[in-house]
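What follows is the content of coords.cif, which has mmCIF, C-alpha atoms:
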```cif
data_protein
loop_
_atom_site.label_atom_id
_atom_site.label_comp_id
_atom_site.auth_asym_id
_atom_site.auth_seq_id
_atom_site.Cartn_x
_atom_site.Cartn_y
_atom_site.Cartn_z
CA MET A 53 -47.74 21.20 -4.26
CA PRO A 54 -44.59 20.54 -6.34
CA LYS A 55 -41.24 21.53 -4.96
CA GLN A 56 -39.71 24.61 -6.48
CA PRO A 57 -36.32 23.87 -8.01
CA LYS A 58 -33.27 25.55 -6.57
CA GLU A 59 -30.88 27.51 -8.72
CA GLN A 60 -29.58 25.74 -11.82
CA PRO A 61 -26.73 23.37 -10.87
CA GLU A 62 -23.37 23.96 -12.43
CA PRO A 63 -22.08 21.31 -14.83
CA SER A 64 -19.44 20.44 -12.22
CA GLN A 65 -22.24 19.63 -9.73
CA ARG A 66 -23.82 17.25 -12.26
CA GLU A 67 -20.48 15.56 -12.84
CA GLU A 68 -19.87 15.39 -9.09
CA VAL A 69 -23.17 13.56 -8.54
CA LYS A 70 -22.35 11.14 -11.37
CA LYS A 71 -18.92 10.45 -9.84
CA GLU A 72 -20.53 9.92 -6.43
CA MET A 73 -22.98 7.48 -7.99
CA LEU A 74 -20.18 5.54 -9.68
CA LYS A 75 -18.22 5.39 -6.40
CA ALA A 76 -21.33 4.17 -4.59
CA ILE A 77 -21.88 1.48 -7.23
CA VAL A 78 -18.28 0.29 -6.82
CA ALA A 79 -18.56 0.34 -3.02
CA ALA A 80 -21.84 -1.58 -3.02
CA GLY A 81 -20.29 -4.02 -5.49
CA GLU A 82 -18.06 -5.43 -2.78
CA ASN A 83 -20.91 -7.83 -2.12
CA LYS A 84 -20.54 -10.02 -5.21
CA ARG A 85 -24.21 -11.02 -5.18
CA ARG A 86 -25.52 -7.49 -5.75
CA LEU A 87 -26.32 -6.03 -9.15
CA GLU A 88 -23.62 -3.42 -8.56
CA ALA A 89 -20.95 -6.17 -8.72
CA ILE A 90 -22.59 -8.32 -11.38
CA ASN A 91 -23.36 -5.54 -13.86
CA PRO A 92 -22.31 -1.99 -12.87
CA GLU A 93 -23.38 -0.53 -16.24
CA LYS A 94 -26.91 -1.86 -15.80
CA THR A 95 -26.90 -0.55 -12.23
CA ALA A 96 -26.02 2.94 -13.47
CA ARG A 97 -28.80 2.78 -16.10
CA VAL A 98 -31.37 1.58 -13.56
CA LEU A 99 -30.40 4.27 -11.04
CA GLU A 100 -30.66 6.92 -13.76
CA MET A 101 -34.12 5.64 -14.75
CA MET A 102 -35.20 5.67 -11.11
CA SER A 103 -33.96 9.24 -10.67
CA GLU A 104 -35.86 10.31 -13.82
CA GLY A 105 -39.11 9.04 -12.29
CA ARG A 106 -39.64 6.08 -14.61
CA SER A 107 -42.09 3.52 -13.32
CA TRP A 108 -40.62 0.45 -11.70
CA LYS A 109 -42.70 -1.74 -13.99
CA SER A 110 -41.05 -0.25 -17.08
CA ILE A 111 -37.58 -0.46 -15.50
CA MET A 112 -38.17 -4.12 -14.62
CA ARG A 113 -39.34 -4.84 -18.17
CA ASP A 114 -36.61 -2.88 -19.98
CA GLU A 115 -33.65 -3.88 -17.79
CA HIS A 116 -34.78 -7.37 -16.77
CA VAL A 117 -34.45 -6.78 -13.04
CA ASP A 118 -36.88 -7.79 -10.33
CA TRP A 119 -38.74 -5.73 -7.78
CA TYR A 120 -36.45 -6.76 -4.92
CA THR A 121 -33.42 -5.51 -6.83
CA LEU A 122 -35.07 -2.10 -7.26
CA VAL A 123 -35.96 -1.97 -3.56
CA GLY A 124 -32.35 -2.76 -2.65
CA LEU A 125 -30.94 -0.18 -5.06
CA ARG A 126 -33.30 2.47 -3.74
CA ALA A 127 -32.33 1.71 -0.15
CA ARG A 128 -28.58 1.62 -0.81
CA HIS A 129 -28.49 4.74 -3.02
CA LYS A 130 -31.32 6.87 -1.59
CA ASP A 131 -29.25 10.02 -1.01
CA LEU A 132 -27.71 9.92 -4.47
CA LEU A 133 -31.08 9.27 -6.09
CA ASP A 134 -32.49 12.31 -4.28
CA LYS A 135 -29.59 14.50 -5.47
CA ARG A 136 -29.95 13.24 -9.04
CA ARG A 137 -33.74 13.74 -8.96
CA GLU A 138 -33.20 17.34 -7.92
CA ILE A 139 -30.89 17.93 -10.90
CA VAL A 140 -33.35 16.19 -13.27
CA ALA A 141 -36.18 18.36 -11.90
CA GLN A 142 -34.12 21.51 -12.40
CA ASP A 143 -33.34 20.49 -15.98
CA ALA A 144 -37.02 19.78 -16.64
CA MET A 145 -38.01 23.15 -15.17
CA GLU A 146 -35.51 24.88 -17.45
CA LEU A 147 -36.98 23.06 -20.46
CA ILE A 148 -40.50 24.01 -19.38
CA GLU A 149 -39.55 27.66 -19.13
CA GLY A 150 -37.80 27.55 -22.53
CA ALA A 151 -40.80 25.88 -24.15
CA ARG A 152 -43.14 28.41 -22.59
CA MET A 153 -41.08 31.32 -23.92
CA LEU A 154 -40.85 29.76 -27.38
CA GLN A 155 -44.58 29.15 -27.43
CA GLN A 156 -45.25 32.76 -26.52
CA GLU A 157 -42.96 33.93 -29.33
CA LYS A 158 -44.55 31.48 -31.78
CA MET A 159 -48.03 32.63 -30.79
CA LYS A 160 -47.04 36.25 -31.39
CA MET A 161 -45.67 35.31 -34.83
CA LEU A 162 -48.82 33.33 -35.64
CA ALA A 163 -51.03 36.19 -34.52
CA GLU A 164 -49.34 38.37 -37.14
CA ASP A 165 -49.56 35.80 -39.96
CA GLU A 166 -53.14 34.65 -40.54
CA THR A 167 -52.31 31.97 -43.13
CA ALA A 168 -49.78 30.33 -40.82
CA LEU A 169 -52.24 30.59 -37.94
CA ARG A 170 -54.91 28.76 -39.93
CA ARG A 171 -52.48 25.93 -40.74
CA THR A 172 -51.30 25.48 -37.14
CA ASN A 173 -53.03 23.05 -34.82
CA ILE A 174 -53.21 24.30 -31.23
CA ARG A 175 -52.29 20.81 -29.99
CA ASP A 176 -48.93 21.17 -31.72
CA LEU A 177 -48.23 24.27 -29.66
CA ALA A 178 -49.10 22.68 -26.33
CA MET A 179 -47.64 19.18 -26.74
CA SER A 180 -44.02 19.90 -25.80
CA TYR A 181 -45.06 22.09 -22.88
CA GLY A 182 -47.19 19.27 -21.47
CA ILE A 183 -44.41 16.73 -21.88
CA TYR A 184 -41.86 18.92 -20.10
CA ALA A 185 -44.29 19.70 -17.30
CA GLU A 186 -45.04 16.00 -16.82
CA LYS A 187 -41.32 15.22 -16.64
CA PHE A 188 -40.86 17.94 -14.04
CA PHE A 189 -43.65 16.57 -11.86
CA MET A 190 -42.39 13.01 -12.25
CA ALA A 191 -38.93 14.08 -11.11
CA THR A 192 -40.10 16.19 -8.18
CA GLU A 193 -43.04 14.15 -6.92
CA GLY A 194 -42.30 10.69 -8.32
CA ASN A 195 -44.89 8.42 -9.83
CA LYS A 196 -48.22 8.81 -8.12
CA VAL A 197 -51.03 6.31 -8.07
CA VAL A 198 -54.45 7.74 -7.35
CA VAL A 199 -56.69 5.44 -5.35
CA GLU A 200 -60.33 6.37 -4.99
CA HIS A 201 -62.06 5.40 -1.78
CA ARG A 202 -65.82 5.57 -1.74
CA THR A 203 -67.30 6.25 1.63
CA ARG A 204 -70.58 4.43 1.16
CA ALA A 205 -72.01 1.59 -0.86
CA PRO A 206 -74.82 2.37 -3.30
CA SER A 207 -78.23 2.28 -1.63
CA LEU A 208 -81.26 0.36 -2.84
CA GLU A 209 -82.72 3.68 -4.01
CA ASP A 210 -79.58 4.34 -6.08
CA ALA A 211 -79.85 0.89 -7.68
CA MET A 212 -83.56 1.36 -8.44
CA LYS A 213 -82.87 4.79 -9.95
CA ALA A 214 -80.11 3.32 -12.16
CA ILE A 215 -82.45 0.54 -13.33
CA GLU A 216 -85.21 3.05 -14.16
CA GLU A 217 -82.73 5.21 -16.09
CA ALA A 218 -81.57 2.16 -18.05
CA LYS A 219 -85.17 1.19 -18.82
CA ALA A 220 -85.96 4.73 -20.00
CA LYS A 221 -82.86 4.73 -22.19
CA LEU A 222 -83.85 1.41 -23.75
CA LYS A 223 -87.42 2.61 -24.25
CA ALA A 224 -86.19 5.81 -25.92
CA GLY A 225 -84.21 3.77 -28.45
CA ALA A 226 -86.94 1.20 -29.04
CA VAL A 227 -89.24 1.17 -32.05
CA ASP A 228 -92.98 0.78 -31.46
CA VAL A 229 -94.46 -2.19 -33.32
CA ASP A 230 -98.15 -3.00 -33.64
CA VAL A 231 -98.76 -6.71 -33.48
CA LEU A 232 -101.82 -8.03 -35.28
CA THR A 233 -103.22 -11.31 -34.19
CA LYS A 234 -105.54 -13.51 -36.16
CA PRO A 235 -107.63 -16.21 -34.55
CA VAL A 236 -106.58 -19.68 -35.50
CA GLU A 237 -109.29 -22.01 -36.80
CA LYS A 238 -109.35 -25.56 -35.59
CA ALA A 239 -108.88 -28.16 -38.28
CA GLU A 240 -111.28 -31.11 -38.04
#
```

Represent the structure contained in this file as structure tokens.
Amino acid sequence: MPKQPKEQPEPSQREEVKKEMLKAIVAAGENKRRLEAINPEKTARVLEMMSEGRSWKSIMRDEHVDWYTLVGLRARHKDLLDKRREIVAQDAMELIEGARMLQQEKMKMLAEDETALRRTNIRDLAMSYGIYAEKFFMATEGNKVVVEHRTRAPSLEDAMKAIEEAKAKLKAGAVDVDVLTKPVEKAE
């Protein structure tokens, strides 16, 4: 179940988290081999992407960093990433609520105007709501990978049933053809 966002953070809280992140980048940059020292701007972008729930694959592709760099950044800045994720989730929840209210208002307006209702595609009404909801879940739960585990292998009966179904499907699409044969005379 997704976490419920806390009250909306004040702008000063957002700025405070950003300042904390910049201080942490500078502090971690004391080791000259880390990304924080080599490119602090890129570090800030990568940390922001991580806090927004972007996939590591897309961050690696867009920012040209490797997996080990992301692991290190996550380990060194875990608390700040968690704080930033909470703010991003709260922002997304606010957008979701705003979109929901606007959609309700738009639906009321459309219900009163039949010509506008006929011209409006329902997908257009739901698209922004779905995007905001997805962003909220990405920020609160992170990227999830669903792995399906099957408890048993297919049995011989299952395989035979699948073969019979395939044969029946082929037979249903086949065309019956009558083949006429004519005896061949031997040439002497």

Please write out, as JSON, where the centre of an axis-aligned box around all listed atoms of range 104-108 of chain A lies and how long its edges are, in Å to one decimal, after adding 5 Å on each side.
```
{"center_x": -39.0, "center_y": 5.4, "center_z": -13.2, "size_x": 16.2, "size_y": 19.9, "size_z": 12.9}
```

List the residues matched by the PyMOL selection byres ((chain A and resi 80-92) around 12) in the displayed structure as a ChimeraX atom specification, ordered by chain and then by residue number. /A:73-79,93-99,115-118,120-125,127-129

Report as a PDB file with C-alpha atoms, keeping the file's coordinate frame the residues that result from applying the PyMOL selection byres ((chain A and resi 147) around 12) to the structure here.
```
ATOM      1  CA  GLN A  60     -29.580  25.740 -11.820  1.00  0.00           C
ATOM      2  CA  VAL A 140     -33.350  16.190 -13.270  1.00  0.00           C
ATOM      3  CA  ALA A 141     -36.180  18.360 -11.900  1.00  0.00           C
ATOM      4  CA  GLN A 142     -34.120  21.510 -12.400  1.00  0.00           C
ATOM      5  CA  ASP A 143     -33.340  20.490 -15.980  1.00  0.00           C
ATOM      6  CA  ALA A 144     -37.020  19.780 -16.640  1.00  0.00           C
ATOM      7  CA  MET A 145     -38.010  23.150 -15.170  1.00  0.00           C
ATOM      8  CA  GLU A 146     -35.510  24.880 -17.450  1.00  0.00           C
ATOM      9  CA  ILE A 148     -40.500  24.010 -19.380  1.00  0.00           C
ATOM     10  CA  GLU A 149     -39.550  27.660 -19.130  1.00  0.00           C
ATOM     11  CA  GLY A 150     -37.800  27.550 -22.530  1.00  0.00           C
ATOM     12  CA  ALA A 151     -40.800  25.880 -24.150  1.00  0.00           C
ATOM     13  CA  ARG A 152     -43.140  28.410 -22.590  1.00  0.00           C
ATOM     14  CA  MET A 153     -41.080  31.320 -23.920  1.00  0.00           C
ATOM     15  CA  LEU A 154     -40.850  29.760 -27.380  1.00  0.00           C
ATOM     16  CA  GLN A 155     -44.580  29.150 -27.430  1.00  0.00           C
ATOM     17  CA  SER A 180     -44.020  19.900 -25.800  1.00  0.00           C
ATOM     18  CA  TYR A 181     -45.060  22.090 -22.880  1.00  0.00           C
ATOM     19  CA  GLY A 182     -47.190  19.270 -21.470  1.00  0.00           C
ATOM     20  CA  ILE A 183     -44.410  16.730 -21.880  1.00  0.00           C
ATOM     21  CA  TYR A 184     -41.860  18.920 -20.100  1.00  0.00           C
ATOM     22  CA  ALA A 185     -44.290  19.700 -17.300  1.00  0.00           C
ATOM     23  CA  GLU A 186     -45.040  16.000 -16.820  1.00  0.00           C
ATOM     24  CA  LYS A 187     -41.320  15.220 -16.640  1.00  0.00           C
ATOM     25  CA  PHE A 188     -40.860  17.940 -14.040  1.00  0.00           C
TER      26      PHE A 188
END
```

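One distance worth recording is that between CA of Arg66 in chain A and CA of Ile139 in chain A, which is 7.2 Å.
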
Could you write out as a list in words the residues that the PyMOL selection byres ((chain A and resi 136) around 9) matches in the shown file?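 Against this file, the PyMOL selection byres ((chain A and resi 136) around 9) returns the residues Arg66, Val69, Lys70, Glu100, Ser103, Glu104, Asp131, Leu132, Leu133, Asp134, Lys135, Arg137, Glu138, Ile139, Val140 and Ala141 of chain A.
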
Smallest atom-to-atom distance to Gln156 in chain A: which of A:Glu68, A:Ala178, A:Lys234, A:Ala218, using only C-alpha atoms?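 Distance minimum relative to Gln156 in chain A lands on A:Ala178.
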
What is the CA of Ser107 in chain A to CA of Arg126 in chain A distance in Å?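 Between CA of Ser107 in chain A and CA of Arg126 in chain A the gap works out to 13.0 Å.
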
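Coordinates place CA of Val227 in chain A at a distance of 23.3 Å from CA of Lys213 in chain A.
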